[in-house]
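The structure appears below as structure tokens.
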Amino acid sequence: MSLERFINQAVSSWMSEDGPDSDIVLSSRIRLARNLKEMKFPALASGEESGEVISHVKEMLQQGCPSRFGPLELLKMEEIQPLQKRVLVEKHLISPHLAEHSPHGAILLSENEQVSIMLNEEDHIRIQCLFPGLQLSEALQAANEMDDWLEGGIDYAFDEQYGYLTSCPTNAGTGLRASVMMHLPGLVLTQQLNRILPAINQLGLVVRGIYGEGSEALGNIFQISNQITLGKSEDDIVEDLKSVVSQLISQERSAREALAKTSNIQLEDRVFRSYGTLANSRIIETKEAASCLSDVRLGIDMGYIKNISKNILNELMILTQPGFLQQYAGGPLRPEERDIRRAALIRERMKMELSQ
Amino acid sequence: MICQECNQRPATLHFTNFSNGEKTEMHLCERCAQEKGEMFMMNQGPGFSINNLLAGLLNMEPAFKTKAKEPFPQEKVIQCDNCSLTFPQFVKIGRFGCAHCYDAFREQLSPVIRRLHSGNSTHNGKVPQRIGGSIQLQRNIASLKNTLSEHIAREEFEKAVELRDQIRSLEKELAEKRRGGE
């Protein structure tokens with residue numbers, strides 16, 4: 001398969017669209033957790049009971065689903081290959097939990113992959129909507145539409161005091177997790193982020209690096225989400241997150257301006273060195289690739305690099321993960337082989353850009 | 001950063017330990033960490049955090065209760081009658097077994113929920129339309145009653161009369177809904 005076709009299949013179509021503030025906010029996501037009233041939660045449910053959840057939703061699907069993102073397709077975890085599951089995880093369409101620990105799990109997926117509904121993960125139903133840029137309210141509205149459709153045919157577990165009942169008490173209430181993925185190289189380079197993060201935590205929000213493990217954030221990409229799901233309305237949760245994100249956007253913008261003023265040539269040097277590495281290296285590890293991609297994306301946003309599309313960061317962060325590399329190679333790869341493949345894929349992708 | 005044990009490989013595992021107000025940090029590569037046998041929770045993979053933290057949080061509960069004398073402690077294990085999950089099991093895994101667990105553990109749950117949700121204990125968001133219709137109505141009535149007393153305090157009696165009628169018809173609707181649902 002040609003790289004171009006592979007990328008087109010691998011990158012969800014919504015990702016190539018532009019959204020508000022998409023120079024800094026890569027994507028917005030809303031997740032709603034729901035459960036069926038009379039069924040044991042998936043962790044305790046038998047295979048038969050879990051099967052009922054799926055067939056119930058399947059029936060509803062056949063009667064027609066009002067999704068404005070086109071028809072939804074049902075995929076059962078037991079019917080797809082481990083490598084395909086891994087690819088779905090790397091696209092953030094399903095959780096690692098669903099891929100690895102949910103033998104009776106399934107997913108409903110819209111064609112453009114903006115809506116995904118996980119069945120029998122930790123909760124019976126998890127609705128997820130993804131939008132490019134900062135569009136939390138839009139994502140919430142889309143998730144609510146799917147929720148209303150499901151509620152039409154399902155008796156949800158709901159309690160007057162604790163709201164929507166979930167398997168884990170940390171999700172009870174609204175069952176809502178709102179999150180945004182942000183690219184914050186300016187705040188990292190000027191070392192302001194360490195100062196800002198504790199303040200964000202105090203506001204009941206969680207910040208983590210979305211790629212990479214532990215405290216490290218690969219590619220200067222951070223995920224910011226709400227911690228508390230009970231006591232605030234859905235709109236308030238989204239508004240609170242939005243206002244913090246807007247603050248971060250303006251701080252990131254002024255950090256970038258300051259960098260351009262005080263160390264223009266150093267920044268330009270850094271950007272083009274990273275560009276050179278991506279365009280020429282023969283072996284590259286995830287970490288180095290991520291940091292170079294972040295530099296190049298910053299270079300594009302700041303106007304140093306003109307002939308490359310902005311999507312290259314989002315795209316290659318996803319495509320250079322182990323699952324995708326192996327899918328592209330058509331089989332399992334050892335870590336050393338992956339580093340070689342990764343370098344080749346990035347080089348080829350950069351060449352594609354220049355020939356356009 | 002280089003691993004502080006072998007000084008060769010890059011450190012990929014970073015441990016921070018707080019005890020008695022003192023902070024110690026360790027930066028190890030995967031191999032040295034394994035050799036050190038300090039792989040506390042690592043063999044369970046990255047799924048560690050929330051489960052264990054939650055169990056720790058929930059575990060604090062019994063500490064308050066042990067003081068009260070329990071004449072028949074053996075028979076006092078609280079259990080969900082629907083899925084048979086016991087409260088100690090819930091504390092251990094940090095997950096409920098079914099929606100009924102919330103009812104079964106309601107008494108023990110309140111402080112836990114409060115701690116998890118910054119002191120909040122009552123849902124204030126969306127209500128499912130079909131099964132939650134009466135809850136929605138109750139909320140509307142409550143908020144109208146609030147406005148009503150504001151109008152009375154400001155001696156705006158015409159508006160108050162209007163509201164009173166509105167409340168009455170909503171209450172009628174609520175009563176009908178309840179009768180129909182049972």
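Each chain in the structure tokens gets a letter, A, B and so on, in the order shown; residues start at 1 in every chain, and ligands are counted from 1 in the order they appear.
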Mind running chain A against chain B at 10 Å and telling me each contacting residue's nearest atom pair with the distance in Å (one decimal), counting only C-alpha atoms, chain and number ascending, as a Markdown table?
| residue | atom | partner | partner_atom | distance |
| --- | --- | --- | --- | --- |
| A:Asn35 | CA | B:Ala99 | CA | 7.9 |
| A:Leu36 | CA | B:Ala99 | CA | 8.1 |
| A:Lys37 | CA | B:Ala99 | CA | 6.3 |
| A:Glu38 | CA | B:Ala99 | CA | 7.5 |
| A:Met39 | CA | B:Cys98 | CA | 6.7 |
| A:Lys40 | CA | B:Cys98 | CA | 4.5 |
| A:Phe41 | CA | B:Cys98 | CA | 4.9 |
| A:Pro42 | CA | B:Gly97 | CA | 8.1 |
| A:Ala43 | CA | B:Gly97 | CA | 7.1 |
| A:Leu44 | CA | B:Gly97 | CA | 6.0 |
| A:Ala45 | CA | B:Gly97 | CA | 8.4 |
| A:Pro96 | CA | B:Gly47 | CA | 9.8 |
| A:His97 | CA | B:Gly47 | CA | 9.0 |
| A:Glu122 | CA | B:Arg95 | CA | 9.1 |
| A:Asp123 | CA | B:Cys98 | CA | 9.9 |
| A:Asn144 | CA | B:Lys126 | CA | 9.4 |
| A:Asp147 | CA | B:Pro128 | CA | 9.0 |
| A:Asp148 | CA | B:Pro128 | CA | 7.8 |
| A:Glu151 | CA | B:Pro128 | CA | 7.0 |
| A:Gly152 | CA | B:Arg130 | CA | 7.2 |
| A:Gly153 | CA | B:Arg130 | CA | 9.6 |
| A:Ile154 | CA | B:Arg130 | CA | 9.5 |
| A:Asp155 | CA | B:Ile131 | CA | 7.1 |
| A:Tyr156 | CA | B:Pro128 | CA | 7.7 |
| A:Ala157 | CA | B:Ala99 | CA | 6.0 |
| A:Phe158 | CA | B:Pro128 | CA | 7.8 |
| A:Asp159 | CA | B:His123 | CA | 8.6 |
| A:Glu160 | CA | B:Ile135 | CA | 7.2 |
| A:Gln161 | CA | B:Thr122 | CA | 4.9 |
| A:Tyr162 | CA | B:His123 | CA | 5.3 |
| A:Gly163 | CA | B:His123 | CA | 5.0 |
| A:Tyr164 | CA | B:Val127 | CA | 8.3 |
| A:Leu165 | CA | B:Ala99 | CA | 6.1 |
| A:Thr166 | CA | B:Ala99 | CA | 7.4 |
| A:Ser167 | CA | B:Phe96 | CA | 5.0 |
| A:Cys168 | CA | B:Arg95 | CA | 4.8 |
| A:Pro169 | CA | B:Ile113 | CA | 6.9 |
| A:Thr170 | CA | B:Leu116 | CA | 6.3 |
| A:Asn171 | CA | B:His117 | CA | 9.3 |
| A:Ala172 | CA | B:His123 | CA | 8.4 |
| A:Gly173 | CA | B:His123 | CA | 5.1 |
| A:Thr174 | CA | B:Gly125 | CA | 6.1 |
| A:Gly175 | CA | B:Gly125 | CA | 9.8 |
| A:Leu176 | CA | B:Gly125 | CA | 9.9 |
| A:Gly204 | CA | B:Ser118 | CA | 8.1 |
| A:Glu213 | CA | B:Pro46 | CA | 8.5 |
| A:Gly214 | CA | B:His14 | CA | 7.6 |
| A:Ser215 | CA | B:His14 | CA | 8.1 |
| A:Glu216 | CA | B:Thr12 | CA | 9.4 |
| A:Gln227 | CA | B:His117 | CA | 7.9 |
| A:Ile228 | CA | B:His117 | CA | 5.2 |
| A:Thr229 | CA | B:His117 | CA | 6.9 |
| A:Leu230 | CA | B:His123 | CA | 5.4 |
| A:Gly231 | CA | B:His123 | CA | 4.8 |
| A:Lys232 | CA | B:Asn124 | CA | 5.5 |
| A:Ser233 | CA | B:Gly125 | CA | 4.0 |
| A:Glu234 | CA | B:Gly125 | CA | 5.8 |
| A:Asp235 | CA | B:Gly125 | CA | 8.3 |
| A:Asp236 | CA | B:Gly125 | CA | 9.0 |
| A:Ile237 | CA | B:Gly125 | CA | 9.7 |
Excluding same-chain residues fewer than 5 positions from Leu345 in chain A, what lies within 10 Å of it counting only C-alpha atoms, as an MDAnalysis selection string?
chainID A and resid 3 278 282 316 319:320 325 328 339:340 350:351
Create the file for the chosen residues now, containing C-alpha atoms and written as a compact mmCIF listing (two decimals), in the first residue's frame.
# COMPACT_ATOMS: atom_id res chain seq x y z
CA LEU A 3 2.07 5.71 2.15
CA LEU A 278 13.33 14.30 10.52
CA ARG A 282 17.93 6.61 9.30
CA LEU A 316 3.05 11.56 12.56
CA LEU A 319 1.59 7.04 12.70
CA THR A 320 4.97 6.54 14.37
CA LEU A 325 4.46 1.02 12.24
CA TYR A 328 2.36 -0.49 7.80
CA ASP A 339 13.27 2.82 14.93
CA ILE A 340 14.49 2.22 11.39
CA MET A 350 8.31 14.75 4.43
CA LYS A 351 9.11 14.03 0.79
Per DSSP on the backbone, filter range 98-251 of chain A down to the residues in strand (DSSP E or B) and report them as a PyMOL selection string.
chain A and resi 106-110+115-119+125-132+156+158-159+163-164+173+176-183+205-209+221-226
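The protein and nucleic acid residues lying at most 8 Å from Val77 in chain B are Thr86, Phe87 and Pro88 of chain B, with only C-alpha atoms considered and sequence neighbours fewer than 5 positions away removed.
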Quick one: distance from CA of Ile300 in chain A to CA of Glu268 in chain A in Å, one decimal?
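Taking CA of Ile300 in chain A and CA of Glu268 in chain A, their separation equals 10.7 Å.
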Could you tell me how far CA of Glu90 in chain A sits from CA of Met146 in chain A, in Å to one decimal place?
23.5 Å
For CA of Ser137 in chain A and CA of Ala178 in chain A, the interatomic separation in Å (one decimal):
9.7 Å
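Omitting Leu293 in chain A and its sequence neighbours fewer than 4 positions away, and counting only C-alpha atoms, the residues within 8 Å are A:Gly219, A:Ser274, A:Tyr275, A:Leu278, A:Ala289, A:Arg297, A:Ile312, A:Leu313, A:Leu316, A:Met317.
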